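Everything on this sheet refers to the single structure shown next.
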Amino acid sequence: MPRAVITGVAGFIGSHLADSLLDRGYSVVGIDNLLTGSLSNVRHLRNRDFEFIHHDVTNEVSVAGAVDLVLHWASPASPVDYLELPIPTLKVGALGTHNALGLAKAKSARFVLASTSEVYGDPLEHPQRETYWGNVNPIGPRGVYDEAKRFAEAITTAYHRYHGLDAKIVRIFNTYGPRMRLHDGRAIPNFITQALRGEDVTIYGDGDQTRSFCFVSDLVRGIIALVESDINEPVNIGNPAEMTIRQIADAILAATGSRSRVVHKPLPTDDPKVRQPDIGRARTLLGWEPRVSLAEGLRATIEYFRAALAAGEAR
Ligand code: UDP
């Protein structure tokens with residue numbers, strides 16, 4: 001039975017990856033320091049072939065026994081989080097990635113880095129192809145995340161080139177779905193929570209900036225296709241359906257039947273004006289593309305948020 005280690009397993013995407021690997025017959029060791037993750041995301045795995053280690057991978061990573069696959073997912077990922085946790089974000093991206101690579105090397109395991117569309121910064125190429133080098137402000141507030149992930153890509157590539165490690169890099173574009181936190185701070189969870197509570201829906205800036213939102217099951221299917229491939233170049237995984245932030249807010253207001261008002265707040269510093277993945281590489285090399293429509297994805301996510309809000313109120 002293959003054995004996988006997932007750092008950041010108690011996070012939104014890490015926990016869905018654990019589900020998918022367990023379903024595919026892997027034994028899973030999950031590590032998380034619970035800084036932004038939550039045990040509630042992995043509690044349902046109690047009776048599966050799953051071991052949880054409460055630990056900060058920034059310090060070191062050691063796992064006894066054979067390991068075939070290391071997925072390095074640990075990092076704050078919401079702009080609100082990495083603005084509040086700048087140094088832990090830099091450390092997990094730099095030191096944590098080095099430690100996770102060291103584990104993969106010691107075990108001769110395959111390695112996958114969770115990278116991000118943030119490596120493209122506020123992009124001057126649109127849509128973004130993997131060959132684009134990006135437009136990042138290293139000393140801006142988002143630099144702590146963007147540069148940590150850019151360093152993580154550099155060291156992952158160095159381990160591949162100089163140690164022959166079978167290392168892969170997935171550049172994750174905006175993703176949404178069940179298990180995002182109510183207070184996550186990103187656009188979709190904020191808008192759904194606000195709409196369901198009848199609170200003002202907060203659009204930052206004029207709402208003309210664009211993003212392209214991928215449902216989590218599509219993303220995880222893409223990551224698994226990458227894991228099972230022989231590709232070592234970075235691959236964008238995301239849904240190319242681009243929309244403005246105003247459009248996604250309107251879609252959520254309609255899908256929840258909410259009568260919340262829309263209000264405008266200041267646009268955060270260095271907020272990218274556009275973002276859309278070019279998924280040509282994933283299509284050609286992995287035979288992958290997204291399948292879940294925005295309507296379907298929002299339905300599942302809103303259902304999860306309704307239940308989470310009701311449970312929170314009952315407490
Ligand atoms: N945004 C917004 N209102 C919110 C949260 C986010 O208008 O309550 C905007 C944010 O300024 C950005 C976009 O929505 O332009 C996506 O932000 P998010 O935090 O989801 O992730 P990002 O793509 O910026 O990493």
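Note on naming: chains are A, B, ... as they come in the structure tokens, residues start from 1 per chain, ligands start from 1 in the order shown.
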
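Taking only C-alpha atoms and all ligand atoms into account, every polymer residue with at least one atom at most 6 Å away from ligand 1 is listed here: Pro79, Asn174, Gly185, Arg186, Ala187, Asn190, Thr202, Ile203, Tyr204, Gln209, Ile245, Leu267, Pro268 and Asp271 of chain A.
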
Per DSSP on the backbone, what are the alpha helix (DSSP H) residues of region 31-235 of chain A, as an mmCIF file with N, CA, C and O atoms, in the first residue's frame?
```
data_model
loop_
_atom_site.group_PDB
_atom_site.id
_atom_site.type_symbol
_atom_site.label_atom_id
_atom_site.label_comp_id
_atom_site.auth_asym_id
_atom_site.auth_seq_id
_atom_site.Cartn_x
_atom_site.Cartn_y
_atom_site.Cartn_z
ATOM 1 N N PRO A 79 -5.255 35.973 1.995
ATOM 2 C CA PRO A 79 -4.539 37.237 2.206
ATOM 3 C C PRO A 79 -4.688 37.771 3.640
ATOM 4 O O PRO A 79 -3.720 38.254 4.224
ATOM 5 N N VAL A 80 -5.865 37.612 4.221
ATOM 6 C CA VAL A 80 -6.061 38.085 5.601
ATOM 7 C C VAL A 80 -5.087 37.375 6.537
ATOM 8 O O VAL A 80 -4.493 37.981 7.428
ATOM 9 N N ASP A 81 -4.909 36.073 6.338
ATOM 10 C CA ASP A 81 -4.003 35.308 7.207
ATOM 11 C C ASP A 81 -2.556 35.691 6.996
ATOM 12 O O ASP A 81 -1.814 35.887 7.949
ATOM 13 N N TYR A 82 -2.126 35.764 5.741
ATOM 14 C CA TYR A 82 -0.697 36.019 5.602
ATOM 15 C C TYR A 82 -0.315 37.460 5.896
ATOM 16 O O TYR A 82 0.821 37.742 6.227
ATOM 17 N N LEU A 83 -1.300 38.364 5.909
ATOM 18 C CA LEU A 83 -1.015 39.725 6.373
ATOM 19 C C LEU A 83 -0.872 39.753 7.897
ATOM 20 O O LEU A 83 -0.094 40.512 8.451
ATOM 21 N N GLU A 84 -1.632 38.859 8.575
ATOM 22 C CA GLU A 84 -1.535 38.796 10.045
ATOM 23 C C GLU A 84 -0.369 37.931 10.512
ATOM 24 O O GLU A 84 0.069 38.042 11.650
ATOM 25 N N PRO A 86 2.867 37.311 8.864
ATOM 26 C CA PRO A 86 3.862 37.419 7.796
ATOM 27 C C PRO A 86 5.079 36.523 7.998
ATOM 28 O O PRO A 86 5.549 35.887 7.049
ATOM 29 N N ILE A 87 5.561 36.432 9.233
ATOM 30 C CA ILE A 87 6.810 35.674 9.431
ATOM 31 C C ILE A 87 6.557 34.160 9.392
ATOM 32 O O ILE A 87 7.279 33.446 8.687
ATOM 33 N N PRO A 88 5.511 33.652 10.065
ATOM 34 C CA PRO A 88 5.210 32.220 9.873
ATOM 35 C C PRO A 88 4.968 31.858 8.404
ATOM 36 O O PRO A 88 5.332 30.762 7.964
ATOM 37 N N THR A 89 4.390 32.782 7.625
ATOM 38 C CA THR A 89 4.145 32.501 6.205
ATOM 39 C C THR A 89 5.470 32.362 5.457
ATOM 40 O O THR A 89 5.679 31.422 4.686
ATOM 41 N N LEU A 90 6.385 33.314 5.709
ATOM 42 C CA LEU A 90 7.706 33.228 5.071
ATOM 43 C C LEU A 90 8.449 31.972 5.512
ATOM 44 O O LEU A 90 9.088 31.296 4.703
ATOM 45 N N LYS A 91 8.347 31.648 6.815
ATOM 46 C CA LYS A 91 9.109 30.510 7.331
ATOM 47 C C LYS A 91 8.584 29.180 6.803
ATOM 48 O O LYS A 91 9.365 28.300 6.443
ATOM 49 N N THR A 97 9.396 24.225 3.426
ATOM 50 C CA THR A 97 9.573 23.546 2.131
ATOM 51 C C THR A 97 10.899 22.798 2.121
ATOM 52 O O THR A 97 10.978 21.657 1.653
ATOM 53 N N HIS A 98 11.949 23.428 2.667
ATOM 54 C CA HIS A 98 13.256 22.747 2.739
ATOM 55 C C HIS A 98 13.137 21.450 3.539
ATOM 56 O O HIS A 98 13.616 20.395 3.114
ATOM 57 N N ASN A 99 12.441 21.513 4.681
ATOM 58 C CA ASN A 99 12.277 20.315 5.515
ATOM 59 C C ASN A 99 11.463 19.235 4.807
ATOM 60 O O ASN A 99 11.795 18.050 4.871
ATOM 61 N N ALA A 100 10.403 19.643 4.133
ATOM 62 C CA ALA A 100 9.548 18.659 3.441
ATOM 63 C C ALA A 100 10.320 18.015 2.279
ATOM 64 O O ALA A 100 10.190 16.815 2.017
ATOM 65 N N LEU A 101 11.140 18.821 1.598
ATOM 66 C CA LEU A 101 11.980 18.268 0.522
ATOM 67 C C LEU A 101 13.005 17.287 1.102
ATOM 68 O O LEU A 101 13.280 16.241 0.500
ATOM 69 N N GLY A 102 13.537 17.632 2.274
ATOM 70 C CA GLY A 102 14.514 16.749 2.927
ATOM 71 C C GLY A 102 13.887 15.400 3.249
ATOM 72 O O GLY A 102 14.515 14.349 3.053
ATOM 73 N N LEU A 103 12.635 15.418 3.719
ATOM 74 C CA LEU A 103 11.936 14.159 4.003
ATOM 75 C C LEU A 103 11.792 13.350 2.712
ATOM 76 O O LEU A 103 12.084 12.148 2.683
ATOM 77 N N ALA A 104 11.337 14.013 1.645
ATOM 78 C CA ALA A 104 11.126 13.307 0.366
ATOM 79 C C ALA A 104 12.443 12.712 -0.127
ATOM 80 O O ALA A 104 12.494 11.573 -0.601
ATOM 81 N N LYS A 105 13.529 13.461 0.015
ATOM 82 C CA LYS A 105 14.838 12.985 -0.456
ATOM 83 C C LYS A 105 15.291 11.771 0.370
ATOM 84 O O LYS A 105 15.713 10.757 -0.181
ATOM 85 N N ALA A 106 15.137 11.879 1.704
ATOM 86 C CA ALA A 106 15.574 10.781 2.575
ATOM 87 C C ALA A 106 14.788 9.500 2.289
ATOM 88 O O ALA A 106 15.311 8.391 2.433
ATOM 89 N N LYS A 107 13.515 9.660 1.888
ATOM 90 C CA LYS A 107 12.662 8.479 1.673
ATOM 91 C C LYS A 107 12.596 8.092 0.202
ATOM 92 O O LYS A 107 11.829 7.205 -0.164
ATOM 93 N N GLY A 143 3.995 40.310 -0.462
ATOM 94 C CA GLY A 143 5.314 39.747 -0.778
ATOM 95 C C GLY A 143 5.672 38.572 0.128
ATOM 96 O O GLY A 143 6.372 37.651 -0.295
ATOM 97 N N VAL A 144 5.176 38.592 1.373
ATOM 98 C CA VAL A 144 5.535 37.522 2.315
ATOM 99 C C VAL A 144 5.045 36.157 1.815
ATOM 100 O O VAL A 144 5.680 35.127 2.057
ATOM 101 N N TYR A 145 3.919 36.165 1.143
ATOM 102 C CA TYR A 145 3.376 34.902 0.594
ATOM 103 C C TYR A 145 3.971 34.637 -0.780
ATOM 104 O O TYR A 145 4.483 33.548 -1.056
ATOM 105 N N ASP A 146 3.937 35.666 -1.637
ATOM 106 C CA ASP A 146 4.370 35.489 -3.023
ATOM 107 C C ASP A 146 5.837 35.078 -3.092
ATOM 108 O O ASP A 146 6.203 34.146 -3.812
ATOM 109 N N GLU A 147 6.678 35.775 -2.334
ATOM 110 C CA GLU A 147 8.115 35.474 -2.414
ATOM 111 C C GLU A 147 8.447 34.157 -1.729
ATOM 112 O O GLU A 147 9.353 33.446 -2.160
ATOM 113 N N ALA A 148 7.713 33.820 -0.656
ATOM 114 C CA ALA A 148 7.941 32.520 -0.015
ATOM 115 C C ALA A 148 7.635 31.405 -1.014
ATOM 116 O O ALA A 148 8.383 30.434 -1.131
ATOM 117 N N LYS A 149 6.540 31.567 -1.760
ATOM 118 C CA LYS A 149 6.176 30.524 -2.730
ATOM 119 C C LYS A 149 7.139 30.529 -3.915
ATOM 120 O O LYS A 149 7.417 29.473 -4.493
ATOM 121 N N ARG A 150 7.660 31.684 -4.275
ATOM 122 C CA ARG A 150 8.637 31.729 -5.375
ATOM 123 C C ARG A 150 9.944 31.060 -4.925
ATOM 124 O O ARG A 150 10.542 30.285 -5.677
ATOM 125 N N PHE A 151 10.349 31.314 -3.676
ATOM 126 C CA PHE A 151 11.523 30.606 -3.133
ATOM 127 C C PHE A 151 11.248 29.093 -3.099
ATOM 128 O O PHE A 151 12.107 28.280 -3.462
ATOM 129 N N ALA A 152 10.042 28.737 -2.671
ATOM 130 C CA ALA A 152 9.670 27.310 -2.574
ATOM 131 C C ALA A 152 9.775 26.648 -3.956
ATOM 132 O O ALA A 152 10.257 25.517 -4.086
ATOM 133 N N GLU A 153 9.354 27.352 -5.002
ATOM 134 C CA GLU A 153 9.485 26.797 -6.362
ATOM 135 C C GLU A 153 10.960 26.641 -6.731
ATOM 136 O O GLU A 153 11.359 25.653 -7.354
ATOM 137 N N ALA A 154 11.778 27.647 -6.339
ATOM 138 C CA ALA A 154 13.208 27.595 -6.698
ATOM 139 C C ALA A 154 13.889 26.418 -6.011
ATOM 140 O O ALA A 154 14.648 25.669 -6.644
ATOM 141 N N ILE A 155 13.608 26.216 -4.728
ATOM 142 C CA ILE A 155 14.310 25.135 -4.014
ATOM 143 C C ILE A 155 13.766 23.770 -4.457
ATOM 144 O O ILE A 155 14.515 22.794 -4.556
ATOM 145 N N THR A 156 12.479 23.714 -4.779
ATOM 146 C CA THR A 156 11.911 22.455 -5.276
ATOM 147 C C THR A 156 12.570 22.082 -6.608
ATOM 148 O O THR A 156 12.941 20.927 -6.843
ATOM 149 N N THR A 157 12.743 23.073 -7.474
ATOM 150 C CA THR A 157 13.384 22.829 -8.770
ATOM 151 C C THR A 157 14.850 22.432 -8.576
ATOM 152 O O THR A 157 15.356 21.543 -9.268
ATOM 153 N N ALA A 158 15.520 23.065 -7.597
ATOM 154 C CA ALA A 158 16.923 22.714 -7.331
ATOM 155 C C ALA A 158 17.032 21.261 -6.853
ATOM 156 O O ALA A 158 17.938 20.534 -7.267
ATOM 157 N N TYR A 159 16.121 20.824 -5.991
ATOM 158 C CA TYR A 159 16.141 19.421 -5.534
ATOM 159 C C TYR A 159 15.908 18.467 -6.701
ATOM 160 O O TYR A 159 16.472 17.376 -6.738
ATOM 161 N N HIS A 160 15.067 18.878 -7.635
ATOM 162 C CA HIS A 160 14.839 18.039 -8.818
ATOM 163 C C HIS A 160 16.110 17.977 -9.662
ATOM 164 O O HIS A 160 16.575 16.903 -10.042
ATOM 165 N N ARG A 161 16.722 19.163 -9.915
ATOM 166 C CA ARG A 161 17.885 19.207 -10.809
ATOM 167 C C ARG A 161 19.133 18.597 -10.190
ATOM 168 O O ARG A 161 19.858 17.877 -10.846
ATOM 169 N N TYR A 162 19.381 18.921 -8.911
ATOM 170 C CA TYR A 162 20.673 18.535 -8.330
ATOM 171 C C TYR A 162 20.613 17.242 -7.539
ATOM 172 O O TYR A 162 21.609 16.555 -7.403
ATOM 173 N N HIS A 163 19.425 16.893 -7.025
ATOM 174 C CA HIS A 163 19.335 15.625 -6.281
ATOM 175 C C HIS A 163 18.531 14.585 -7.060
ATOM 176 O O HIS A 163 18.314 13.485 -6.563
ATOM 177 N N ALA A 187 -12.795 36.085 -0.912
ATOM 178 C CA ALA A 187 -14.021 36.646 -1.469
ATOM 179 C C ALA A 187 -15.228 35.700 -1.328
ATOM 180 O O ALA A 187 -16.274 36.104 -0.789
ATOM 181 N N ILE A 188 -15.102 34.460 -1.791
ATOM 182 C CA ILE A 188 -16.296 33.596 -1.797
ATOM 183 C C ILE A 188 -16.792 33.292 -0.379
ATOM 184 O O ILE A 188 -17.979 33.490 -0.097
ATOM 185 N N PRO A 189 -15.936 32.843 0.553
ATOM 186 C CA PRO A 189 -16.462 32.619 1.905
ATOM 187 C C PRO A 189 -17.008 33.888 2.559
ATOM 188 O O PRO A 189 -18.034 33.834 3.247
ATOM 189 N N ASN A 190 -16.351 35.032 2.335
ATOM 190 C CA ASN A 190 -16.899 36.278 2.897
ATOM 191 C C ASN A 190 -18.292 36.548 2.346
ATOM 192 O O ASN A 190 -19.232 36.821 3.099
ATOM 193 N N PHE A 191 -18.435 36.484 1.015
ATOM 194 C CA PHE A 191 -19.716 36.849 0.402
ATOM 195 C C PHE A 191 -20.823 35.884 0.838
ATOM 196 O O PHE A 191 -21.951 36.298 1.101
ATOM 197 N N ILE A 192 -20.500 34.587 0.913
ATOM 198 C CA ILE A 192 -21.549 33.622 1.300
ATOM 199 C C ILE A 192 -21.956 33.864 2.752
ATOM 200 O O ILE A 192 -23.153 33.912 3.074
ATOM 201 N N THR A 193 -20.985 34.029 3.639
ATOM 202 C CA THR A 193 -21.313 34.257 5.054
ATOM 203 C C THR A 193 -22.132 35.540 5.199
ATOM 204 O O THR A 193 -23.156 35.563 5.898
ATOM 205 N N GLN A 194 -21.705 36.590 4.517
ATOM 206 C CA GLN A 194 -22.431 37.865 4.610
ATOM 207 C C GLN A 194 -23.849 37.728 4.050
ATOM 208 O O GLN A 194 -24.820 38.193 4.659
ATOM 209 N N ALA A 195 -23.971 37.053 2.901
ATOM 210 C CA ALA A 195 -25.296 36.905 2.264
ATOM 211 C C ALA A 195 -26.228 36.095 3.156
ATOM 212 O O ALA A 195 -27.390 36.457 3.349
ATOM 213 N N LEU A 196 -25.721 35.004 3.732
ATOM 214 C CA LEU A 196 -26.589 34.149 4.549
ATOM 215 C C LEU A 196 -26.999 34.846 5.849
ATOM 216 O O LEU A 196 -28.078 34.601 6.379
ATOM 217 N N ARG A 197 -26.140 35.729 6.354
ATOM 218 C CA ARG A 197 -26.477 36.438 7.599
ATOM 219 C C ARG A 197 -27.241 37.724 7.348
ATOM 220 O O ARG A 197 -27.593 38.426 8.295
ATOM 221 N N VAL A 216 -13.282 22.786 -5.589
ATOM 222 C CA VAL A 216 -12.195 22.011 -4.985
ATOM 223 C C VAL A 216 -12.072 20.590 -5.553
ATOM 224 O O VAL A 216 -10.962 20.068 -5.682
ATOM 225 N N SER A 217 -13.183 19.951 -5.928
ATOM 226 C CA SER A 217 -13.065 18.566 -6.445
ATOM 227 C C SER A 217 -12.325 18.549 -7.779
ATOM 228 O O SER A 217 -11.571 17.618 -8.066
ATOM 229 N N ASP A 218 -12.535 19.590 -8.598
ATOM 230 C CA ASP A 218 -11.792 19.685 -9.862
ATOM 231 C C ASP A 218 -10.307 19.870 -9.587
ATOM 232 O O ASP A 218 -9.460 19.236 -10.222
ATOM 233 N N LEU A 219 -9.989 20.754 -8.647
ATOM 234 C CA LEU A 219 -8.586 21.006 -8.317
ATOM 235 C C LEU A 219 -7.905 19.717 -7.862
ATOM 236 O O LEU A 219 -6.816 19.371 -8.338
ATOM 237 N N VAL A 220 -8.555 18.990 -6.955
ATOM 238 C CA VAL A 220 -7.948 17.776 -6.396
ATOM 239 C C VAL A 220 -7.744 16.738 -7.503
ATOM 240 O O VAL A 220 -6.699 16.078 -7.563
ATOM 241 N N ARG A 221 -8.691 16.627 -8.416
ATOM 242 C CA ARG A 221 -8.532 15.698 -9.543
ATOM 243 C C ARG A 221 -7.315 16.088 -10.386
ATOM 244 O O ARG A 221 -6.556 15.228 -10.849
ATOM 245 N N GLY A 222 -7.098 17.363 -10.567
ATOM 246 C CA GLY A 222 -5.926 17.838 -11.315
ATOM 247 C C GLY A 222 -4.627 17.518 -10.586
ATOM 248 O O GLY A 222 -3.639 17.109 -11.204
ATOM 249 N N ILE A 223 -4.626 17.698 -9.263
ATOM 250 C CA ILE A 223 -3.413 17.420 -8.476
ATOM 251 C C ILE A 223 -3.084 15.918 -8.550
ATOM 252 O O ILE A 223 -1.923 15.530 -8.718
ATOM 253 N N ILE A 224 -4.112 15.079 -8.452
ATOM 254 C CA ILE A 224 -3.877 13.626 -8.511
ATOM 255 C C ILE A 224 -3.333 13.258 -9.898
ATOM 256 O O ILE A 224 -2.409 12.437 -10.015
ATOM 257 N N ALA A 225 -3.861 13.872 -10.946
ATOM 258 C CA ALA A 225 -3.347 13.596 -12.302
ATOM 259 C C ALA A 225 -1.869 13.990 -12.384
ATOM 260 O O ALA A 225 -1.054 13.283 -12.990
ATOM 261 N N LEU A 226 -1.509 15.103 -11.737
ATOM 262 C CA LEU A 226 -0.101 15.537 -11.740
ATOM 263 C C LEU A 226 0.768 14.548 -10.948
ATOM 264 O O LEU A 226 1.850 14.157 -11.396
ATOM 265 N N VAL A 227 0.271 14.117 -9.778
ATOM 266 C CA VAL A 227 1.003 13.143 -8.954
ATOM 267 C C VAL A 227 1.315 11.898 -9.770
ATOM 268 O O VAL A 227 2.405 11.337 -9.692
#
```

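Each of A:Pro138, A:Gly177, A:Gly238, A:Pro123 was checked against Tyr304 (chain A) using only C-alpha atoms; the smallest atom-to-atom distance is that of A:Gly177.
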
Would you mind listing what lies within 12 Å of region 51-66 of chain A as a PyMOL selection string, with only C-alpha atoms counted and same-chain residues fewer than 6 positions away left out? chain A and resi 1-10+15+18+22+26-39+41-45+72-75+87-109

Neighbouring residues of Arg110 (chain A) were defined as those with any atom within 10 Å, considering only C-alpha atoms; residues of the same chain fewer than 6 positions away were excluded. Please report them as a ChimeraX atom specification. /A:4,67-71,101,104,165-168,227-228

Expressed in Å to a single decimal, how great is the separation between CA of Asp122 (chain A) and CA of Thr269 (chain A)? 10.7 Å

Expected answer as a VMD selection string: strand (DSSP E or B) residues in region 34-251 of chain A: chain A and resid 50 to 54 69 to 72 110 to 116 121 128 135 167 to 172 175 to 176 201 to 204 210 to 212 214 to 215 235 to 237 242 to 244
